[in-house]
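Before any comments, here is the structure.
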Amino acid sequence: MLIESVPLEIVDFRDERFRLSEELVSENLQRSLKEVGLICPVVLLPVGEKRRVIVCGFRRLHALRRMGATHAAGRLLDPAQHGPLEAFRIALWDNLAHRKLGLLESARAVRVLEHECGLPRNAIVRDYLPLLGFSPRDEILRSCLALHALRPRLRRLLGEGRITETTAGRLASHSGEEQDRAADLLERVKLSASRQREVLELVDAVGGSRKFSGALDVAGVAAALADTGMTPVERGEKIRRFLFERQYPRLTGAEERFRSSKASLGLTGRIRVRHEPFFESSRIFVEFEADSAEEFRAAAESLGGAARGDSLEGLFKVW
């Protein structure tokens with residue numbers, strides 16, 4: 001490969017067919033370039049006389065351009081010997097030599113192998129999925145290709161660990177508009193993995209054909225999203241509750257009546273009263289904690305008082 005000083009004006013920054021890096025902006029890289037310059041030349045593929053396509057070095061070239069550089073040392077591939085697959089293999093191994101690709105970067109690699117390099121899917125599954133750290137299975141290939149369709153805001157949330165890989169995979173199958181609406185919600189809340197699963201299921205049920213657009217129209221959701229007085233965790237829980245109430249109004253009513261009846265018992269101490277999940281029967285469960293005989297007697301007396309009161313019947317008639 002020839003090395004020459006390449007004018008940045010002939011580098012086609014819009015052509016990202018060989019790009020793997022998810023993020024192109026690196027302040028540390030820019031500081032390094034300012035201090036010691038470009039140590040490792042970038043790799044470029046000539047296309048015609050005055051156009052160079054980036055193979056390796058996207059972040060370095062973007063940093064140099066931001067710094068106002070006009071030239072960069074580049075290794076030029078021979079187009080006669082380096083078709084799309086040969087060029088991309090250089091980019092792939094250049095990255096794998098010193099780091100493990102992120103999930104979105106692996107998804108990008110799979111898409112390049114199919115769409116830019118023209119590899120059949122069985123070859124990608126057999127030869128490249130194991131290289132990327134995946135099992136050689138067709139469903140993983142399909143998941144990677146779907147994940148590549150994730151919109152920028154959701155890609156950022158995944159990269160920041162704000163949404164799980166499972167959530168990202170489900171959202172990637174939605175339209176671009178619906179993904180943006182999902183980001184409107186997920187950027188403002190903080191949900192655990194289990195809560196993310198629950199909210200997505202509620203969105204599917206409540207939103208109908210419009211999914212997130214429909215779910216965000218539910219009364220109270222927009223106001224909760226705009227409420228800066230709540231933490232992201234509180235905001236997420238409130239929105240989950242709004243969606244749950246819309247989908248399960250009868251169950252929500254039973255929950256409210258159960259809480260009201262339990263409060264009217266006037267129980268003291270560390271006494272817990274709960275119902276069966278989804279009120280499958282009228283059975284209730286009672287437990288309490290005590291660190292001393294006095295605490296035990298106090299709890300027993302509190303329960304005895306509740307047993308003699310008229311409010312107890314309400315716990316068994318919440319439906």
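We label chains A, B, ... in the order they appear in the structure tokens, count residues from 1 in each chain, and number ligands from 1 in the order shown.
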
Which residues are close to Pro120 in chain A, i.e. within 12 Å by only C-alpha atoms, leaving aside same-chain residues fewer than 5 positions away? Reply as a ChimeraX atom specification. /A:110-115,125-128,138,141

Leaving out range 222-235 of chain A and any residue of its chain fewer than 2 positions from it, which residues lie within 8 Å of it when counting only C-alpha atoms, given as a PyMOL selection string? chain A and resi 185+188-191+216-220+237-239

What does the distance between CA of Gly161 in chain A and CA of Glu23 in chain A come to in Å, to one decimal place?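 Distance reported for this atom pair: 14.8 Å.
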
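With distances restricted to only C-alpha atoms, A:Pro136 is the closest residue to Ala123 in chain A from A:Pro7, A:Ser143, A:His71, A:Pro136.
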
Can I get the residues of range 125-163 of chain A within 8 Å of range 85-106 of chain A, each with the closest pair of atoms and their distance in Å to one decimal, using only C-alpha atoms, sorted chain first then ascending number, as a Markdown table?
```
| residue | atom | partner | partner_atom | distance |
| --- | --- | --- | --- | --- |
| A:Leu132 | CA | A:Ser106 | CA | 6.5 |
| A:Cys144 | CA | A:Ser106 | CA | 7.4 |
| A:Leu147 | CA | A:Leu104 | CA | 7.1 |
| A:His148 | CA | A:Leu104 | CA | 6.6 |
| A:Arg155 | CA | A:Leu104 | CA | 7.6 |
```

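When only C-alpha atoms are used to compute distances to Leu2 in chain A, the closest of the residues A:Leu45, A:Ala254, A:Leu61, A:Cys117 turns out to be A:Leu45.
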
Please run DSSP on the backbone and report, as a ChimeraX atom specification, all residues within range 43-268 of chain A that come out as helix (DSSP H, G or I). /A:58-66,84-96,103-116,121-128,138-147,152-159,165-172,176-186,193-210,212-215,221-226,232-247,249-264

Write out as a ChimeraX atom specification the residues lying within 10 Å of range 245-247 of chain A, counting only C-alpha atoms and excluding same-chain residues fewer than 4 positions away. /A:202-203,205-207,215,218-219,239-241,251-253

Minimum-distance residue to Pro249 in chain A, chosen among A:Val199, A:Leu157, A:Arg59, A:Trp319 (using only C-alpha atoms): A:Trp319

For Ala307 in chain A: contacts at 12 Å, only C-alpha atoms, fewer than 4 positions along chain excluded, given as a PDB file with C-alpha atoms, in the first residue's frame:
```pdb
ATOM      1  CA  LYS A 262     -56.171  -1.964  54.331  1.00  0.00           C
ATOM      2  CA  SER A 264     -58.905   1.658  57.337  1.00  0.00           C
ATOM      3  CA  LEU A 265     -57.787  -1.300  59.478  1.00  0.00           C
ATOM      4  CA  GLY A 266     -55.385   0.997  61.319  1.00  0.00           C
ATOM      5  CA  LEU A 267     -52.657  -1.641  61.590  1.00  0.00           C
ATOM      6  CA  ALA A 300     -50.928  -9.442  67.566  1.00  0.00           C
ATOM      7  CA  GLU A 301     -53.066  -6.897  69.380  1.00  0.00           C
ATOM      8  CA  SER A 302     -53.196  -4.690  66.288  1.00  0.00           C
ATOM      9  CA  LEU A 303     -54.318  -7.639  64.171  1.00  0.00           C
ATOM     10  CA  SER A 311     -63.511  -2.631  58.065  1.00  0.00           C
ATOM     11  CA  LEU A 312     -62.077  -6.127  57.680  1.00  0.00           C
ATOM     12  CA  GLU A 313     -64.883  -7.250  55.371  1.00  0.00           C
ATOM     13  CA  GLY A 314     -63.796  -4.709  52.795  1.00  0.00           C
ATOM     14  CA  LEU A 315     -60.504  -6.548  52.119  1.00  0.00           C
TER      15      LEU A 315
END
```

Backbone-only DSSP, strand (DSSP E) members of range 130-302 of chain A, as a PyMOL selection string: chain A and resi 271-275+284-288

A:Glu4, A:Glu255, A:Ala69, A:Phe296 ranked by distance to Gly37 in chain A, top pick (using only C-alpha atoms): A:Ala69
